[in-house]
file data-v9.cif (mmCIF, C-alpha atoms)
data_data
loop_
_atom_site.label_atom_id
_atom_site.label_comp_id
_atom_site.auth_asym_id
_atom_site.auth_seq_id
_atom_site.Cartn_x
_atom_site.Cartn_y
_atom_site.Cartn_z
CA MET N 223 -30.27 4.96 60.36
CA PRO N 224 -27.76 7.59 61.56
CA LEU N 225 -29.39 10.94 62.14
CA GLY N 226 -26.77 12.59 59.97
CA GLN N 227 -27.84 10.66 56.87
CA LYS N 228 -29.54 12.68 54.12
CA ASP N 229 -32.99 11.62 55.26
CA ASP N 230 -34.77 14.94 54.93
CA LEU N 231 -33.70 15.84 51.42
CA ASN N 232 -35.42 15.35 48.11
CA PRO N 233 -34.76 11.72 47.04
CA MET N 234 -33.98 12.92 43.52
CA THR N 235 -30.81 14.57 44.82
CA TRP N 236 -29.50 11.33 46.25
CA SER N 237 -28.85 9.37 43.06
CA GLY N 238 -29.94 11.43 40.08
CA GLU N 239 -33.07 11.47 37.95
CA SER N 240 -32.44 8.20 36.08
CA THR N 241 -31.66 6.18 39.19
CA PHE N 242 -34.62 7.57 41.07
CA PHE N 243 -36.91 6.79 38.15
CA ALA N 244 -35.64 3.19 38.08
CA VAL N 245 -36.61 2.90 41.74
CA LEU N 246 -40.02 4.44 41.01
CA ARG N 247 -40.55 1.99 38.17
CA ASP N 248 -39.92 -0.97 40.48
CA ALA N 249 -42.14 0.57 43.16
CA ALA N 250 -44.95 0.95 40.61
CA GLU N 251 -44.57 -2.72 39.71
CA GLN N 252 -44.89 -3.66 43.37
CA LEU N 253 -48.03 -1.54 43.75
CA LEU N 254 -49.61 -3.20 40.73
CA ALA N 255 -48.62 -6.62 42.08
CA MET N 256 -50.57 -5.74 45.23
CA HIS N 257 -53.51 -4.83 42.98
CA ASP N 258 -53.32 -8.19 41.20
CA ILE N 259 -53.51 -9.97 44.56
CA ALA N 260 -56.17 -7.79 46.18
CA PRO N 261 -57.91 -5.57 43.59
CA ARG N 262 -60.85 -4.74 45.87
CA VAL N 263 -58.50 -3.39 48.53
CA VAL N 264 -56.19 -1.46 46.23
CA ARG N 265 -59.14 0.24 44.53
CA TYR N 266 -59.44 2.36 47.68
CA VAL N 267 -56.17 4.10 46.85
CA ALA N 268 -56.42 4.01 43.05
CA SER N 269 -57.56 7.62 42.58
CA MET N 270 -56.31 10.76 44.31
CA GLN N 271 -59.54 11.35 46.21
CA LYS N 272 -59.72 7.77 47.43
CA TRP N 273 -56.02 7.77 48.31
CA LEU N 274 -56.39 10.84 50.50
CA ILE N 275 -59.50 9.61 52.33
CA THR N 276 -58.31 6.02 52.77
CA GLN N 277 -54.90 7.04 54.04
CA ALA N 278 -56.52 9.51 56.48
CA ILE N 279 -58.69 6.66 57.82
CA VAL N 280 -55.64 4.43 58.26
CA ALA N 281 -53.70 7.25 59.94
CA LEU N 282 -56.51 7.76 62.47
CA HIS N 283 -56.49 4.02 63.18
CA PHE N 284 -52.75 3.94 63.86
CA GLU N 285 -52.78 7.13 65.93
CA ARG N 286 -55.40 5.55 68.19
CA LYS N 287 -53.48 2.24 68.28
CA HIS N 288 -50.31 4.04 69.33
CA ASP N 289 -52.01 6.34 71.84
CA GLU N 290 -55.37 5.44 73.40
CA MET N 291 -55.83 9.08 74.39
CA ARG N 292 -56.32 9.92 70.71
CA PRO N 293 -59.86 9.89 69.27
CA SER N 294 -61.27 6.61 68.02
CA LEU N 295 -61.78 6.13 64.31
CA THR N 296 -65.34 7.31 63.66
CA ALA N 297 -67.17 9.32 61.03
CA GLY N 298 -66.77 12.34 63.31
CA SER N 299 -63.01 11.98 63.73
CA LEU N 300 -62.61 11.53 59.96
CA ILE N 301 -64.59 14.71 59.32
CA ASP N 302 -62.47 16.51 61.94
CA PHE N 303 -59.30 15.28 60.22
CA PHE N 304 -60.14 17.34 57.15
CA ALA N 305 -61.92 20.14 59.04
CA GLU N 306 -59.43 22.93 58.28
CA GLN N 307 -59.49 22.53 54.50
CA GLN N 308 -62.79 20.68 53.97
CA PRO N 309 -61.82 19.23 50.57
CA PHE N 310 -64.58 16.61 50.82
CA SER N 311 -68.20 16.75 51.87
CA LYS N 312 -69.33 14.98 55.04
CA ASN N 313 -71.44 12.63 52.91
CA THR N 314 -68.40 11.67 50.81
CA LEU N 315 -66.34 10.88 53.90
CA THR N 316 -69.02 8.88 55.69
CA ALA N 317 -69.89 6.95 52.53
CA HIS N 318 -66.24 6.04 52.01
CA LEU N 319 -65.99 4.86 55.62
CA ALA N 320 -69.13 2.77 55.24
CA GLU N 321 -67.94 1.21 51.99
CA MET N 322 -64.62 0.15 53.53
CA GLY N 323 -66.58 -1.38 56.39
CA ALA N 324 -68.84 -3.25 53.98
CA TYR N 325 -65.79 -4.84 52.36
CA GLY N 326 -64.38 -5.88 55.74
CA LEU N 327 -61.44 -3.49 55.69
CA LEU N 328 -62.82 -1.79 58.81
CA VAL N 329 -64.31 -3.68 61.74
CA PRO N 330 -66.40 -2.40 64.68
CA GLN N 331 -64.90 -1.80 68.10
CA GLU N 332 -66.73 -2.21 71.37
CA SER N 333 -68.01 1.03 72.86
CA ARG N 334 -69.80 1.87 76.09
CA ASP N 335 -71.41 4.83 74.37
CA ARG N 336 -74.10 3.57 72.01
CA ARG N 337 -74.11 6.90 70.19
CA VAL N 338 -70.54 6.32 69.01
CA LYS N 339 -69.62 3.60 66.54
CA PRO N 340 -65.81 3.32 66.63
CA LEU N 341 -64.01 1.33 63.98
CA GLN N 342 -60.55 -0.08 63.47
CA LEU N 343 -58.59 -1.33 60.50
CA SER N 344 -58.86 -5.08 60.01
CA VAL N 345 -55.83 -7.31 60.45
CA TYR N 346 -55.80 -7.84 56.69
CA GLY N 347 -55.92 -4.09 56.15
CA GLU N 348 -52.96 -3.60 58.48
CA THR N 349 -51.02 -6.25 56.58
CA MET N 350 -51.62 -4.48 53.27
CA ILE N 351 -50.55 -1.10 54.67
CA ASP N 352 -47.46 -2.69 56.20
CA GLN N 353 -46.57 -4.07 52.77
CA TRP N 354 -47.20 -0.68 51.15
CA LEU N 355 -44.89 1.06 53.62
CA ALA N 356 -42.25 -1.67 53.41
CA ASN N 357 -42.16 -1.29 49.62
CA HIS N 358 -41.55 2.44 49.94
CA LEU N 359 -38.90 2.03 52.62
CA SER N 360 -37.12 -0.58 50.49
CA ALA N 361 -37.10 1.88 47.60
CA LEU N 362 -35.52 4.54 49.84
CA ASP N 363 -32.93 2.00 51.01
CA ARG N 364 -31.96 1.39 47.39
CA LEU N 365 -31.26 5.09 46.98
CA ASP N 366 -28.95 5.55 49.95
CA GLY N 367 -28.05 2.10 51.28
CA GLY N 368 -30.23 2.47 54.39
CA ASP N 369 -31.85 -0.29 56.42
CA ARG N 370 -35.33 1.15 56.96
CA ALA N 371 -37.27 -1.84 55.62
CA SER N 372 -35.45 -4.34 57.82
CA ARG N 373 -35.99 -2.12 60.86
CA LEU N 374 -39.71 -1.94 60.08
CA CYS N 375 -39.79 -5.73 59.91
CA SER N 376 -37.98 -6.13 63.23
CA ASP N 377 -39.94 -3.47 65.13
CA GLN N 378 -43.63 -3.31 64.25
CA ARG N 379 -44.10 -0.27 66.48
CA LEU N 380 -42.67 1.71 63.59
CA LEU N 381 -45.70 1.10 61.36
CA ALA N 382 -48.09 2.88 63.73
CA ARG N 383 -45.61 5.75 64.08
CA ILE N 384 -44.40 6.30 60.53
CA HIS N 385 -47.69 6.05 58.66
CA PRO N 386 -49.65 8.87 60.39
CA LEU N 387 -46.66 11.22 60.29
CA ALA N 388 -46.19 10.70 56.56
CA VAL N 389 -49.89 10.86 55.71
CA ARG N 390 -50.56 14.06 57.67
CA ALA N 391 -47.62 15.67 55.88
CA LEU N 392 -48.90 14.56 52.46
CA VAL N 393 -52.65 15.09 52.79
CA PHE N 394 -52.15 18.76 53.64
CA ASP N 395 -49.36 19.39 51.15
CA PRO N 396 -50.95 20.95 48.04
CA ASP N 397 -48.00 19.84 45.92
CA TRP N 398 -49.00 16.22 46.67
CA ALA N 399 -52.77 16.50 47.05
CA GLN N 400 -53.06 18.62 43.90
CA PRO N 401 -50.73 16.89 41.41
CA PRO N 402 -49.31 18.49 38.26
CA ALA N 403 -51.89 18.70 35.48
CA SER N 404 -50.30 15.86 33.50
CA VAL N 405 -50.46 13.51 36.50
CA ASP N 406 -53.85 14.78 37.65
CA LEU N 407 -55.36 13.85 34.29
CA PHE N 408 -54.88 10.22 35.33
CA VAL N 409 -55.21 10.15 39.12
CA ARG N 410 -58.43 12.16 39.32
CA THR N 411 -60.27 9.35 37.49
CA GLU N 412 -61.53 6.06 38.89
CA THR N 413 -58.57 3.65 39.15
CA GLY N 414 -56.53 6.23 37.25
CA SER N 415 -53.49 5.69 39.45
CA ASN N 416 -53.34 2.09 38.26
CA ILE N 417 -53.45 3.21 34.63
CA LEU N 418 -50.60 5.65 35.27
CA HIS N 419 -48.54 3.02 37.08
CA GLU N 420 -49.17 0.65 34.18
CA LEU N 421 -47.51 3.19 31.88
CA ILE N 422 -44.59 3.74 34.26
CA CYS N 423 -43.95 -0.01 34.58
CA ARG N 424 -43.60 -0.30 30.82
CA VAL N 425 -40.85 2.29 30.53
CA PRO N 426 -37.73 0.35 29.44
CA THR N 427 -35.20 -0.47 32.14
CA GLY N 428 -31.88 1.30 31.98
CA LEU N 429 -33.43 4.54 30.79
CA GLN N 430 -30.70 7.17 30.59
CA GLY N 431 -32.12 10.64 30.85
CA ILE N 432 -35.62 11.84 30.07
CA ASP N 433 -35.23 14.42 27.32
CA ARG N 434 -37.57 13.00 24.68
CA PRO N 435 -40.74 10.85 24.44
CA VAL N 436 -40.15 7.25 25.50
CA SER N 437 -41.52 4.23 23.65
CA LEU N 438 -43.46 1.72 25.75
CA GLY N 439 -44.14 -0.64 22.88
CA PRO N 440 -47.70 -1.65 21.91
CA LEU N 441 -50.28 -1.16 24.67
CA PRO N 442 -53.91 -1.77 23.65
CA ALA N 443 -56.57 -0.30 25.94
CA SER N 444 -58.00 -3.83 26.26
CA ASP N 445 -54.81 -5.02 28.01
CA VAL N 446 -55.15 -2.31 30.65
CA SER N 447 -58.91 -2.75 31.08
CA THR N 448 -58.59 -6.52 31.51
CA ARG N 449 -55.87 -6.33 34.15
CA HIS N 450 -57.59 -3.64 36.19
CA THR N 451 -61.19 -4.78 35.69
CA LEU N 452 -62.14 -1.55 33.96
CA SER N 453 -64.36 -0.97 30.98
CA ARG N 454 -62.43 -0.62 27.75
CA GLY N 455 -64.32 2.59 27.10
CA HIS N 456 -63.09 4.11 30.38
CA VAL N 457 -59.46 3.37 29.53
CA GLN N 458 -59.94 4.69 26.00
CA ARG N 459 -61.37 7.95 27.37
CA VAL N 460 -58.39 8.41 29.68
CA PHE N 461 -56.03 7.65 26.79
CA ALA N 462 -57.92 10.09 24.53
CA ARG N 463 -57.60 12.93 27.06
CA ALA N 464 -53.90 12.21 27.51
CA LYS N 465 -53.45 12.10 23.75
CA SER N 466 -55.20 15.44 23.30
CA GLU N 467 -52.77 16.98 25.82
CA GLY N 468 -49.76 15.52 24.01
CA LEU N 469 -48.89 13.21 26.91
CA LEU N 470 -49.40 10.00 24.91
CA VAL N 471 -48.67 9.49 21.22
CA TRP N 472 -49.09 6.35 19.09
CA SER N 473 -46.86 5.59 16.13
CA LEU N 474 -49.81 4.55 13.95
CA PRO N 475 -53.32 5.98 13.45
CA GLY N 476 -56.14 4.63 15.59
CA ASN N 477 -53.98 4.25 18.71
CA ARG N 478 -52.08 1.40 17.08
CA GLY N 479 -48.39 0.64 16.97
CA ASP N 480 -45.96 1.71 19.68
CA LEU N 481 -47.14 4.01 22.44
CA PHE N 482 -44.88 6.93 23.38
CA VAL N 483 -45.15 8.73 26.72
CA SER N 484 -44.02 12.35 26.85
CA GLN N 485 -40.99 13.47 28.83
CA ASP N 486 -43.20 16.07 30.53
CA LEU N 487 -45.44 13.41 32.06
CA LEU N 488 -42.44 11.37 33.20
CA ARG N 489 -40.73 14.36 34.80
CA ASP N 490 -43.92 15.53 36.48
CA TYR N 491 -44.45 12.00 37.83
CA ILE N 492 -40.91 11.88 39.20
CA LEU N 493 -41.19 15.23 40.97
CA TRP N 494 -44.63 14.35 42.34
CA GLN N 495 -43.52 10.96 43.66
CA ALA N 496 -40.43 12.57 45.21
CA ILE N 497 -42.77 14.50 47.52
CA LYS N 498 -44.21 11.24 48.85
CA PHE N 499 -40.84 9.57 49.30
CA ARG N 500 -39.47 12.59 51.09
CA ALA N 501 -42.45 12.63 53.48
CA ILE N 502 -42.04 8.94 54.25
CA SER N 503 -38.30 9.37 54.75
CA VAL N 504 -38.77 12.28 57.16
CA ALA N 505 -41.55 10.40 59.00
CA TYR N 506 -39.26 7.38 59.39
CA ARG N 507 -36.54 9.54 60.86
CA GLN N 508 -38.92 11.19 63.32
CA ALA N 509 -40.46 7.84 64.33
CA GLN N 510 -37.03 6.36 64.96
CA ALA N 511 -36.08 9.33 67.14
CA ASP N 512 -39.37 9.13 69.07
CA LEU N 513 -38.93 5.41 69.75
CA TRP N 514 -35.33 5.96 70.84
CA ARG N 515 -36.49 8.57 73.38
CA ASP N 516 -39.32 6.33 74.60
CA ASP N 517 -37.03 3.34 75.05
CA ARG N 518 -34.44 5.46 76.81
CA GLY N 519 -37.11 6.86 79.14
CA GLU N 520 -38.28 3.35 80.07
CA ARG N 521 -34.71 2.25 80.85
CA GLU N 522 -34.14 5.29 83.05
CA VAL N 523 -37.38 4.63 84.98
#

call {"tool": "encode", "arguments": {"input": "data-v9.cif", "output": "C-alpha cells"}}
result
Amino acid sequence: MPLGQKDDLNPMTWSGESTFFAVLRDAAEQLLAMHDIAPRVVRYVASMQKWLITQAIVALHFERKHDEMRPSLTAGSLIDFFAEQQPFSKNTLTAHLAEMGAYGLLVPQESRDRRVKPLQLSVYGETMIDQWLANHLSALDRLDGGDRASRLCSDQRLLARIHPLAVRALVFDPDWAQPPASVDLFVRTETGSNILHELICRVPTGLQGIDRPVSLGPLPASDVSTRHTLSRGHVQRVFARAKSEGLLVWSLPGNRGDLFVSQDLLRDYILWQAIKFRAISVAYRQAQADLWRDDRGEREV
C-alpha cells in the first residue's frame, strides 16, 4: 500500500459511520463463524481479560519467531509483558498460560536450561490468528480499496510483524483495554464478546445513520446460549443488566417481541472498534516499511 494512503487515520473518517458499521457487522459475523468452527479456541478471546492475555501470549510468540534474540514465551516473559501496569496477578497469567497449553494451543519448546519451560503457539493456533488478522485486513481494504489481505496471504512474514505491533499498541491503550461502560457491560463477562457480536450481527443491513434504537427482531436468550454453549441464566443476567442500563429494550413484557439495541451502545461499539482497526492499520504500515528496508538491505549486501 502506498505510504501516502490514509493508513494512520481513524477508519471512521474514511467512509462515514454507516459504511464503517457495515464493515464491522460483517467482521463480527466472521468472528462468530470462527467461534462456530472452533469454540474452545475462540473462548480465549471472548472476554476483555482473556483477549488481552491471549493476544499478549501470541505477540510474545511472534516476536520470538521473528527475532530469536527476543525472550522465549514463558510465564516469566508474560509477567514481564504486563510489568509496567500489572493489570493481572501472576497467578492469573500463569493459569491462563497453563490452560492454553492444556488445550494444545501452546506446545513446549526444547530448552537446554531445565529451569525454563519455553512454549510456542501451535500450528493450529497460528492458523487461527492468521485468519483473525486476515479478516481485519480485509475489512480495512473494503474501507479504502487497499490490498492488505492479499499481501498478508502472499508474504507470511507479515503475520509475525503486524500482530505484535498492533497488540502492544492496543493492550496498553486505555481507550481499548478499558472500553466504554456500555461495551464493558458485555465484554467483562465470560464469553461476553460473543454475546455483543451476536447483537451486532443482527443489526439490519443497509442501516442509514444511528440516531435511534435499532430493532434486531426477536432474540430469545435460549438462541444465544445454545449457539455459544452458555447457560441460559448467564445470558439472561447479561441481558437484564443491559436492560437496566437502557441498552436493550424489548417491545413486549418479559423480554418478548422485538429486541431494540440503543444508539448509544452502537456508537460506543463503533468508536471502540475503530481503535482496534486503526492500530492494525498502523501496524500493517510499519511492518510493510520494515520489510521493505530489510529486503533492500539484503539486496545491497

call {"tool": "atom_distance", "arguments": {"input": "data-v9.cif", "atom1": "atom CA of Gln430 of chain N", "atom2": "atom CA of Arg247 of chain N"}}
result
13.5 Å

call {"tool": "resolve_selection", "arguments": {"input": "data-v9.cif", "expression": "the PyMOL selection byres ((chain N and resi 439) around 10)", "output": "NGL selection string"}}
result
:N and (424-426 or 436-438 or 440-442 or 472-473 or 479-482)

call {"tool": "atom_distance", "arguments": {"input": "data-v9.cif", "atom1": "atom CA of Ala320 of chain N", "atom2": "atom CA of Leu341 of chain N"}}
result
10.2 Å

call {"tool": "closest_residue", "arguments": {"input": "data-v9.cif", "among": "N:Ala403, N:Leu452, N:Leu488, N:Val393", "to": "Asp433 of chain N", "atoms": "all atoms listed in the file"}}
result
N:Leu488

call {"tool": "residues_around", "arguments": {"input": "data-v9.cif", "residues": "Asp302 of chain N", "least_positions_apart": "5", "cutoff": "12 Å", "atoms": "only C-alpha atoms", "output": "ChimeraX atom specification"}}
result
/N:278-279,282,293-297,307-312,315-316

call {"tool": "atom_distance", "arguments": {"input": "data-v9.cif", "atom1": "atom CA of Ile384 of chain N", "atom2": "atom CA of Ala496 of chain N"}}
result
17.0 Å

call {"tool": "resolve_selection", "arguments": {"input": "data-v9.cif", "expression": "the PyMOL selection byres ((chain N and resi 385-391) around 10)", "output": "PyMOL selection string"}}
result
chain N and resi 274+277-285+303+351-352+355+380-384+392-395+398+497-506+508-509

call {"tool": "closest_atom_pairs", "arguments": {"input": "data-v9.cif", "of": "segment 467-500 of chain N", "to": "segment 406-409 of chain N", "cutoff": "10 Å", "atoms": "only C-alpha atoms", "output": "JSON lines"}}
result
{"residue": "N:Glu467", "atom": "CA", "partner": "N:Leu407", "partner_atom": "CA", "distance": 9.4}
{"residue": "N:Leu469", "atom": "CA", "partner": "N:Leu407", "partner_atom": "CA", "distance": 9.8}
{"residue": "N:Tyr491", "atom": "CA", "partner": "N:Asp406", "partner_atom": "CA", "distance": 9.8}

call {"tool": "closest_residue", "arguments": {"input": "data-v9.cif", "among": "N:Gly326, N:Ser404, N:Ile422, N:Ile417", "to": "Ala464 of chain N", "atoms": "all atoms listed in the file"}}
result
N:Ser404

call {"tool": "closest_residue", "arguments": {"input": "data-v9.cif", "among": "N:Asp517, N:Glu412, N:Glu321, N:Asp490", "to": "Thr276 of chain N", "atoms": "all atoms listed in the file"}}
result
N:Glu321

call {"tool": "resolve_selection", "arguments": {"input": "data-v9.cif", "expression": "the PyMOL selection byres ((chain N and resi 250) around 8)", "output": "list in words"}}
result
Leu246, Arg247, Asp248, Ala249, Glu251, Gln252, Leu253, Leu254, His419, Glu420, Ile422 and Cys423 of chain N

call {"tool": "write_last_selection", "arguments": {"input": "data-v9.cif", "atoms": "C-alpha atoms", "output": "short mmCIF file (atom, residue, chain, number, x, y, z; two decimals), in the frame of the given file"}}
result
data_model
loop_
_atom_site.label_atom_id
_atom_site.label_comp_id
_atom_site.auth_asym_id
_atom_site.auth_seq_id
_atom_site.Cartn_x
_atom_site.Cartn_y
_atom_site.Cartn_z
CA LEU N 246 -40.02 4.44 41.01
CA ARG N 247 -40.55 1.99 38.17
CA ASP N 248 -39.92 -0.97 40.48
CA ALA N 249 -42.14 0.57 43.16
CA GLU N 251 -44.57 -2.72 39.71
CA GLN N 252 -44.89 -3.66 43.37
CA LEU N 253 -48.03 -1.54 43.75
CA LEU N 254 -49.61 -3.20 40.73
CA HIS N 419 -48.54 3.02 37.08
CA GLU N 420 -49.17 0.65 34.18
CA ILE N 422 -44.59 3.74 34.26
CA CYS N 423 -43.95 -0.01 34.58
#
